[in-house]
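Accompanying notes for the structure given below.
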Amino acid sequence: DTLINQIAAGEVVERPASVVKELVENALDAGARRVDIDLEEGGVRLIRIRDDGGGIPGNELPLAIQRHATSKIASLDDLEGVSTLGFRGEALPSIASVSRFAMTSRCEGSEHGTRLEVDGGRVGELRPHPHPRGTTVEVRELFFNVPARRKFLRAERTELGHIEEWLRQLALARPDVELRVAHNGRPSRRWKGEGDLLTGLRLNEALGEDFARNALAVDHAAAGLRLHGWIARPTYNRASADQQYLYVNGRSIRDRSVAHAVKQAYSDVLFHGRQPAYVLFLETDPRRVDVNVHPAKHEVRFRDARLIHDFVFRTLHEALAETRA
Ligand code: ADP
Ligand code: MG
């Protein structure tokens with residue numbers, strides 16, 4: 001079983017940033033309002049994620065680290081309309097098989113917290129452990145038992161950079177959640193959970209004042225689709241291929257067809273060949289997207305890709321054309 005989990009980990013856990021992604025997504029799925037992220041040595045030595053979400057009953061901890069155990073969907077039909085970030089029940093067993101792992105949790109109404117340790121896939125005993133409501137997951141010495149993977153880890157700064165980039169993606173999508181990051185014992189980043197109204201502020205924090213000042217706000221809905229967010233005006237001068245954020249139903253994804261539609265609209269109206277900077281959220285009936293395309297969930301498949309492409313293109317084309325008029 002440990003071997004199977006380690007093989008699955010090859011797809012889900014590439015580096016510390018993928019662990020942070022999976023664990024923070026779990027915290028958000030559990031309804032957390034605040035997530036504390038402690039890192040040591042770029043996350044290679046330690047990743048500790050603590051949330052104030054709903055927690056798990058102690059006796060369900062062993063289930064949480066079992067393969068394909070997810071509390072988020074009960075049937076294939078549910079997968080059709082999945083609205084949580086997780087659904088494969090793969091992350092925790094994968095991570096626990098390639099690290100020294102511990103999960104401590106307490107849910108409302110429990111008298112005490114419970115802790116379960118897993119060492120390179122070897123599951124320990126459930127023990128009572130003090131913990132406020134919510135969950136803490138600790139991942140130490142990532143890939144300590146998989147030297148071939150450990151070899152591919154990069155310098156502390158590089159791994160930290162990947163984590164911060166992922167957190168930026170997340171922070172843009174969830175301005176209502178407070179995120180605090182500490183690295184090697186020092187606070188390194190704090191995203192205040194200011195709520196939707198101040199998304200502009202978060203935009204500022206994430207992409208810089210220059211983008212926030214020069215961004216055109218977009219919000220358009222039609223035919224059960226909605227596209228909202230920001231795209232850079234021509235006055236924004238930064239080379240911006242690395243400032244392209246696309247979310248589908250709140251999930252940060254890469255999609256060639258949508259990226260193409262954005263670029264096409266941008267270069268049609270404004271600058272041919274220039275890369276637009278953007279933060280765009282596409283909302284659609286979850287039944288019209290398949291999120292179960294890749295274990296790391298970086299991609300989705302649209303039922304009607306053409307329709308989506310044209311909707312994105314037309315929406316942005318119109319919005320940008322107005323700025324020129
Ligand atoms: P998935 O997220 O796909 O369901 P995971 O392996 O990431 O699978 O997590 C397994 C299960 O553990 C989840 O379905 C959830 O029930 C529970 N769980 C994981 N992290 C948390 C958390 N931070 N708070 C509450 N429950 C959690
Ligand atoms: Mg998960």
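Naming works like this for the structure tokens: A, B, ... for the chains as they're shown, residue 1 at the start of each chain, ligands 1 onward in shown order.
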Self-check item: Expected answer as a PyMOL selection string: residues within 6 Å of ligand 2, only C-alpha atoms and all ligand atoms
Solution: chain A and resi 22+26+86+91
Go ahead and save the residues from that selection, with C-alpha atoms, as a JSON list (two decimals), in the first residue's frame.
```
[["chain", "number", "residue", "atom", "x", "y", "z"],
["A", 22, "GLU", "CA", -3.11, 20.26, -1.33],
["A", 26, "ASN", "CA", -8.13, 20.92, 2.33],
["A", 86, "GLY", "CA", -10.54, 18.23, -3.39],
["A", 91, "ALA", "CA", -3.40, 13.88, -1.40]]
```
Quiz prompt | Contacts to ligand 1 at 6 Å cut-off (only C-alpha atoms and all ligand atoms) as JSON, numbers by chain | solution = {"A": [26, 27, 30, 53, 54, 55, 56, 64, 69, 70, 71, 72, 86, 87, 88, 89, 90, 91, 92, 135]}
Exercise. Considering only C-alpha atoms, return as a ChimeraX atom specification whatever protein or nucleic-acid residues lie within 10 Å of A:Val300, sequence-local ones (same chain, fewer than 3 positions apart) excluded.
Key: /A:248,251-255,289-294,297,303
Self-check item: Contact residues around A:Arg15 with only C-alpha atoms at 8 Å, ignoring same-chain residues under 2 positions, as a PyMOL selection string
Solution: chain A and resi 13+17-19+153+159
With C-alpha atoms retained, could you export that selection as a PDB file, in the first residue's frame?
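Here's the written file part26.pdb:
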```pdb
ATOM      1  CA  VAL A  13       3.490  15.717  -4.992  1.00  0.00           C
ATOM      2  CA  ALA A  17       4.618  23.802  -3.217  1.00  0.00           C
ATOM      3  CA  SER A  18       2.357  20.911  -4.255  1.00  0.00           C
ATOM      4  CA  VAL A  19       2.104  19.817  -0.614  1.00  0.00           C
ATOM      5  CA  LEU A 153      14.400  19.507  -5.059  1.00  0.00           C
ATOM      6  CA  GLU A 159      11.179  26.104  -3.497  1.00  0.00           C
TER       7      GLU A 159
END
```
Quiz item: Residues at most 7 Å from A:Phe211, counting only C-alpha atoms, excluding those fewer than 3 positions away in the same chain, as a ChimeraX atom specification?
Solution: /A:207-208,214-215,232,236
Exercise. If you run DSSP over the backbone, which residues in stretch 200-323 of chain A end up strand (DSSP E)? Put them as a VMD selection string.
Key: chain A and resid 215 to 222 225 to 232 244 to 248 251 to 252 278 to 284 289 to 290 301 to 302
Quiz prompt | Of the listed residues A:Ala222, A:Ala32, A:Ala217, A:Ala102, that which approaches A:Leu280 most closely, counting only C-alpha atoms | solution = A:Ala217
Exercise. Please report, as a VMD selection string, each residue of stretch 72-186 of chain A to which DSSP assigns alpha helix (DSSP H) when run on this structure's backbone.
Key: chain A and resid 76 to 80 91 to 97 147 to 150 156 to 173
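Among A:Ala261, A:Ile65, A:Leu46, A:Ile163, the residue with the shortest atom-to-atom distance to A:Thr315, counting only C-alpha atoms, is A:Ala261.
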Enumerate, in order of chain and increasing residue number, the residues of stretch 158-202 of chain A with an atom no farther than 10 Å from stretch 274-279 of chain A, each with its shortest atom pair and distance in Å to one decimal, counting only C-alpha atoms, as a Markdown table.
```
| residue | atom | partner | partner_atom | distance |
| --- | --- | --- | --- | --- |
| A:Gln169 | CA | A:Val279 | CA | 9.3 |
| A:Leu172 | CA | A:Val279 | CA | 8.1 |
| A:Ala173 | CA | A:Val279 | CA | 9.2 |
```
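Taking atom CA of A:Gln66 and atom CA of A:Glu125 as endpoints, the distance between them is 14.4 Å.
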Which residues of stretch 147-235 of chain A come within 12 Å of stretch 139-142 of chain A, and for each one, what is the closest pair of atoms and their distance in Å to one decimal, counting only C-alpha atoms, sorted by chain and residue number, as CSV?
```
residue,atom,partner,partner_atom,distance
A:Pro147,CA,A:Leu142,CA,10.0
A:Ala148,CA,A:Leu142,CA,11.9
A:Arg149,CA,A:Leu142,CA,9.2
A:Arg150,CA,A:Leu142,CA,7.5
A:Lys151,CA,A:Leu142,CA,11.2
A:Phe152,CA,A:Leu142,CA,11.6
A:Leu153,CA,A:Leu142,CA,9.6
```
Quiz item: Distance atom CA of A:Arg288-atom CA of A:Leu316, one decimal place?
Solution: 21.3 Å
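When only C-alpha atoms are used to measure the gap to A:Ile7, the shortest distance among A:Trp230, A:Ile73, A:Ile95, A:Asn204 belongs to A:Ile95.
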Closest atom pairs, residues of stretch 133-182 of chain A within 10 Å of stretch 104-118 of chain A, only C-alpha atoms, as CSV:
```
residue,atom,partner,partner_atom,distance
A:Arg133,CA,A:Arg106,CA,4.9
A:Gly134,CA,A:Arg106,CA,5.6
A:Thr135,CA,A:Ser105,CA,4.2
A:Thr136,CA,A:Thr104,CA,5.2
A:Val137,CA,A:Thr104,CA,6.4
A:Glu138,CA,A:Thr104,CA,8.6
A:Val139,CA,A:Val118,CA,9.7
```
Filtering to C-alpha atoms, could you give me those residues as a CSV table (one decimal), in the first residue's frame?
```csv
chain,number,residue,atom,x,y,z
A,133,ARG,CA,-11.1,23.6,16.8
A,134,GLY,CA,-9.6,23.0,13.4
A,135,THR,CA,-6.7,21.0,12.0
A,136,THR,CA,-2.9,21.0,11.9
A,137,VAL,CA,-1.0,19.0,9.4
A,138,GLU,CA,2.8,18.7,9.6
A,139,VAL,CA,4.9,17.4,6.9
```
Practice problem: Tell me, as a PyMOL selection string, which residues lie within 9 Å of A:Glu41, counting only C-alpha atoms; anything in the same chain fewer than 4 positions away does not count. | Solution: chain A and resi 45-46+155-157+159-160+183-184
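Remark: for A:Lys192, the closest of the candidate residues A:Leu63, A:Val35, A:Ala241, A:Ala8 is A:Val35 (distances computed over only C-alpha atoms).
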